[in-house]
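Participant: Handing you a structure now.
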Amino acid sequence: MFVPEPSIFELIFKQSLAPSLILKANAPEFTVIAQNREHQISMFGAEIDMTGKTAYQLLVTDEDDSELQESYAALANAFNEAIEQKVIVKLPAVKSLVKDPDGLRTRSVWRQIEVVPITDDSGVIKYLVCPSYDISKQVWLEAARKDGLNKESDLTEELAASNEELSATNEELSASNEELRQSQESLAESNMELENRVEQRTHALAESESRFRTMVEQSPVPMLVTMGETMIFDIVNQPMLDLIGKNAAVIGMPWHEAMPELEGQDIMRQLLETHDAGESWEGSEVPIMIYKSGSPVLGFYNISYKPLTENGKTIGMLQSAIDVTDLVKSRLLVEELNREQQTANAELAAINEELHTTNDELARTQESLENLVVELAESEQQLAQIINILPASVVVIRGQDLIAETINNTNLVYWNKTKGQVIGKPLLEILPELASQAFPDQLRHVMATGEVIDVKESPVLLTNDDGSLRESFVDYTYQPLADSHGQFSRVLVMSFEITDRVLSRKLLEQYSEETQALNEELTASNEELAAVNEELLTAQQSIEEARTALRLAIDAAEFGTWFIHSVTREFVTDARLKELFGYYPDEELSIEQALAQITEDYRSSVATALENAIYHNGDYDVTYPVIGLHDQQLRWLRAIGNLKVDPSGAYSVFTGVVMDITEQVLSSEKIRDAQETLRMAIASGELATWRLDESLGQITASPRFNELFGFLPDEEVPYSAAITQILPDYRDMVNDAVSAAFTSGAHFNVEYPITGFHDGKKRWIRSVGKFVADEKNGNYITGIMADITEQKTDEIRKNSFIAMVSHELKTPLTSLNGYLQMLQLKARKAEDTFTTGALDQSVKQVKRMTTMINGFLNVSRLESGKIYIDKQRFDMADLIKEMAEETMTLYSGHRFIFHPVEPTLVNADHDKIGQVINNFISNAVKYSKTDTTIQISCIQVNGFTQVSVTDEGMGINKDDIVKLFERYYRVDNNNKISGFGIGLYLSAEIIERHQGKIWAESEPGKGSVFYFTLPLAI
């Protein structure tokens, strides 16, 4: 199936960290045509594809939630406005309901959504791209801030009511002044105790306020506050100064003086527009050119602009370089709490002054102080709650033992710990895997020196529950905290997990050039957006082409396709499937009718498998025979299907393919028949089967194998035991053949005598095997074995007879040759031409007879192992010269070309190598027509001498070439040519005993080339 390469836009869209989806501009449905993984997770808590659904089917509704209904209406208006006005529409806050992954609960989520229209070449809007950003925490923090202001107002009203009650009861207090004077001493003691308690609580509150203020002021997030129409730099933290490459001198300057390089850049225009409009704005990966150390540096930043208003008018701007709205809102809430605490402190001072001036108010003051203590405790609790809702991970580490004193929920989640596992415990007991990392030493260094450590993108290795390590990346700051004596005994640790950002950046770096170019195009003009739209259209066309290719592939494979609706059981098939079941293309075919065509013995199991697959999501891969309804043809079919749940969850779709495997099934039956035939052949031929594993050295064999080696049928026979039963003279030969099979994959074909283990009976065995490479279970040799004792005994007798006859014939032939030579001399002296020619032919025939008899003798010697190789050092050039002279004398009907030979020294048996060359030439003469050319060459190749004889004869079939060098083998088409098939066999044995190689190359009708090689003398 053809799968097109994804476009750059598609890669960026799918890998974008912002949840995004693409809608088709087909109002009012607005069909979803694509959504990235982040959008699926944010909407459903899992990767659920909603492609093909309308935008409104993604939304969870609640008719009782008015905010929700207003948000959905605003979203619909934004879609229509973007299409009608052809502008980007931004919705600052849209509420939606999201189901948890278990589908049992819903939760409210607030998002900032942009609706970006995408047009085609004609200017018609075709799609809407909708990126969204989760601002739930910002909305909740703003709600918490407003709630705090309301509580402050309520507290003020309660204090006013209390003052009125104080005035009303003042007269009653005056009346009891005498009684109060008597208790003045007791009240003075109480006053002293209250002053001590107030001092302690005030000190605790101040320390808590200082700790939190330090945390905020040392925030690693770059922040900037500007005031007035000219946007004067009012507050700039150090991270922001570092970010823009400036120092504290820019404080008090307007924007155009502090950062003149921003003039003319898009970000400056956006800042002015945002200030004038009084609306919030966020930008992701915004390119900005900033001068640092006198040089321009281009960077990309996530920018957030928040207007500061008073009585509906913008008086300043809060700006941050990353999305740190949570921290800003938290700081604003803390400032409100600080003002509340300052008010309480002022009231405490006033109450203390009143205690000293009049005893009449001591009782009321004591009650007010106790209430204020409660408020202070609540303030501390609120402070702890604020730390807990911070998006940053926060923990306070104390002392050289690195005790965890305070930690927020975000940090507990990151560490995968509970508060009980952390509070009061040493850091290395909580996370022992940090011992080999830099963090413990850095914490002790901060407490020892008071130095602030700020690290970006630091790798952290933490242990998972299963013991494996997971790597994450964090930005972290170590801020020393001083105690009342000025000693740095604690460290405030603030960190942000940025693993997704780092991994995304590394992934994007792989496509940096293309991505940068695309980003520049996307931000430059709408013309680049049109180009991206064209890429989307091309990708859509590629998908359609892929679908067409899939359809063509199914048609080419002659598959039948089907579709079953799990609820309605609607059965939709193509014409090919109907054909496989013997139906006509225009006939209706139901599930029941299809099952009826399956043979009775398979019908029930197929129906059960089908129902299990549809209703229990079981596997469906079944094979069964059918009888065609109309053609009554038997076919074997294989059906494969899978179940896909519809995104709505209302039903499932069961689809698949059916293929005709009749030919494969019938082939399998033929294979089984062949295997049974082989089994019967092995049994009737009394053959043994065996298998030798390379790694285990274990033989797995049939009972016949044990019988041949004289073992009992149930005895295990290891390789070493089998080798021991082979006669000593043949063991090395068998071991070498086994090694060759395992190392080079050579065929195993050996004959050897054995002695039975229990019966002591001598047998001759022929064993034939083949090497099988099996990476999974180990290599092995498998083969069969036959008892050739009778055949071998006959062969030994035959060889003995041949040796005896050959030896007896050799003596009279020698005498005959001598007489013929004497007659030749006399005929030449008498100048009797006829007699001389007849005698020359007689000598040739005697020589051929002698050569044949010597061949029989050598074969006999080979069989008995008595052939002798007399190696000596000689020059192959001399031997070729001798062969040339002898050949010219013996053969006159062919043209011989003996190519020049360089001096080539070998260490070999001179006569036997000459016998091999003579055999090659003799065969070339026999199998070539008269007056054809025969070429003889001898060259040096890679440390060997290579001799070849080339003829223009009838040639040899490929199947015969591999058997040419076997004993007594003759090609079928040479019945008219005399010979016994021992010449090449003897030549091969001679060359093998010289550690050489012998082979032939041939093509029928074009002649043959016979080769052999010998090692050069060292």
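Identifiers for the structure tokens are assigned positionally: chains receive A, B, ... in sequence, residues are indexed from 1 per chain, and ligands are indexed from 1 in the order shown.
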Do a neighbour search on Lys929 of chain A at 10 Å with only C-alpha atoms, toss out local chain neighbours closer than 5 positions, and write the hits as a PDB file with N, CA and C atoms, in the first residue's frame.
Facilitator:
```pdb
ATOM      1  N   GLY A 893      43.769 -35.740 -35.500  1.00  0.00           N
ATOM      2  CA  GLY A 893      42.530 -35.266 -36.125  1.00  0.00           C
ATOM      3  C   GLY A 893      42.041 -33.937 -35.582  1.00  0.00           C
ATOM      4  N   HIS A 894      42.731 -33.324 -34.599  1.00  0.00           N
ATOM      5  CA  HIS A 894      42.297 -32.059 -34.008  1.00  0.00           C
ATOM      6  C   HIS A 894      43.432 -31.044 -34.037  1.00  0.00           C
ATOM      7  N   ALA A 924      38.525 -34.399 -24.215  1.00  0.00           N
ATOM      8  CA  ALA A 924      38.262 -33.340 -25.179  1.00  0.00           C
ATOM      9  C   ALA A 924      38.270 -33.895 -26.595  1.00  0.00           C
ATOM     10  N   ASP A 951      37.519 -27.247 -25.082  1.00  0.00           N
ATOM     11  CA  ASP A 951      37.187 -27.884 -26.359  1.00  0.00           C
ATOM     12  C   ASP A 951      35.971 -27.206 -26.979  1.00  0.00           C
ATOM     13  N   GLU A 952      35.631 -27.615 -28.190  1.00  0.00           N
ATOM     14  CA  GLU A 952      34.467 -27.096 -28.900  1.00  0.00           C
ATOM     15  C   GLU A 952      33.477 -28.230 -29.156  1.00  0.00           C
ATOM     16  N   GLY A 953      33.330 -29.109 -28.158  1.00  0.00           N
ATOM     17  CA  GLY A 953      32.523 -30.299 -28.308  1.00  0.00           C
ATOM     18  C   GLY A 953      31.054 -30.078 -28.071  1.00  0.00           C
ATOM     19  N   MET A 954      30.350 -31.193 -27.753  1.00  0.00           N
ATOM     20  CA  MET A 954      28.902 -31.184 -27.625  1.00  0.00           C
ATOM     21  C   MET A 954      28.413 -30.472 -26.358  1.00  0.00           C
TER      22      MET A 954
END
```
Participant: Got a sec: who's within 10 Å of Gln265 of chain A, counting only C-alpha atoms, leaving out chain neighbours fewer than 3 positions off, as a list in words?
Facilitator: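 The contact residues come out as Glu261, Leu262, Met268, Arg269, Gln270, Pro287, Ile288 and Met289 of chain A.
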Participant: Can you work out the spacing between atom CA of Asn409 of chain A and atom CA of Asp147 of chain A in Å, to one decimal?
Facilitator: 22.3 Å
Participant: Excluding Ala248 of chain A and residues on its chain fewer than 3 positions from it, collect all residues at most 12 Å away from it, counting only C-alpha atoms, and give them as a PDB file with C-alpha atoms, in the first residue's frame.
Facilitator:
```pdb
ATOM      1  CA  LEU A 224       8.862  43.038  33.549  1.00  0.00           C
ATOM      2  CA  PHE A 233      10.443  50.198  32.910  1.00  0.00           C
ATOM      3  CA  ASP A 234       9.177  50.188  36.515  1.00  0.00           C
ATOM      4  CA  ILE A 235      10.050  46.665  37.778  1.00  0.00           C
ATOM      5  CA  VAL A 236      12.543  44.337  36.047  1.00  0.00           C
ATOM      6  CA  ASN A 237      13.817  41.135  37.702  1.00  0.00           C
ATOM      7  CA  GLN A 238      17.319  39.820  37.077  1.00  0.00           C
ATOM      8  CA  PRO A 239      16.238  36.942  34.794  1.00  0.00           C
ATOM      9  CA  MET A 240      14.526  39.504  32.538  1.00  0.00           C
ATOM     10  CA  LEU A 241      17.661  41.715  32.541  1.00  0.00           C
ATOM     11  CA  ASP A 242      19.725  38.680  31.621  1.00  0.00           C
ATOM     12  CA  ILE A 244      17.293  41.207  27.206  1.00  0.00           C
ATOM     13  CA  GLY A 245      21.043  41.706  27.777  1.00  0.00           C
ATOM     14  CA  ILE A 251      14.805  50.943  35.165  1.00  0.00           C
ATOM     15  CA  GLY A 252      12.966  54.246  34.760  1.00  0.00           C
ATOM     16  CA  MET A 253      13.484  54.339  30.984  1.00  0.00           C
ATOM     17  CA  ALA A 258      15.630  50.903  27.031  1.00  0.00           C
TER      18      ALA A 258
END
```
Participant: Would you kindly return, as JSON, numbers by chain, each protein, DNA or RNA residue with an atom no farther than 9 Å from any atom of Arg895 of chain A, considering only C-alpha atoms and excluding same-chain residues fewer than 5 positions away?
Facilitator: {"A": [930, 931, 932, 933, 934, 935]}
Participant: Deliver the residues from the most recent selection as a file, using C-alpha atoms, as a compact mmCIF listing (two decimals), in the first residue's frame.
Facilitator:
```txt
# COMPACT_ATOMS: atom_id res chain seq x y z
CA THR A 930 37.32 -33.85 -35.91
CA ASP A 931 39.14 -30.70 -37.07
CA THR A 932 38.01 -28.63 -34.06
CA THR A 933 40.37 -26.74 -31.78
CA ILE A 934 41.45 -27.82 -28.28
CA GLN A 935 43.33 -25.30 -26.11
```
Participant: In terms of the shortest atom-to-atom distance over only C-alpha atoms, which of A:Thr31, A:Ser472, A:Ser495, A:Gln632 is closest to Ile598 of chain A?
Facilitator: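 Once distances to Ile598 of chain A are computed over only C-alpha atoms, the minimum belongs to A:Gln632.
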Participant: So how far away is atom CA of Phe654 of chain A from atom CA of Ile564 of chain A, in Å?
Facilitator: 5.0 Å
Participant: Go through A:Arg873, A:Arg993, A:Arg37, A:Lys958 one by one, measure the shortest atom-to-atom distance of each to Leu1016 of chain A using only C-alpha atoms, and give the residue with the smallest value.
Facilitator: A:Arg873
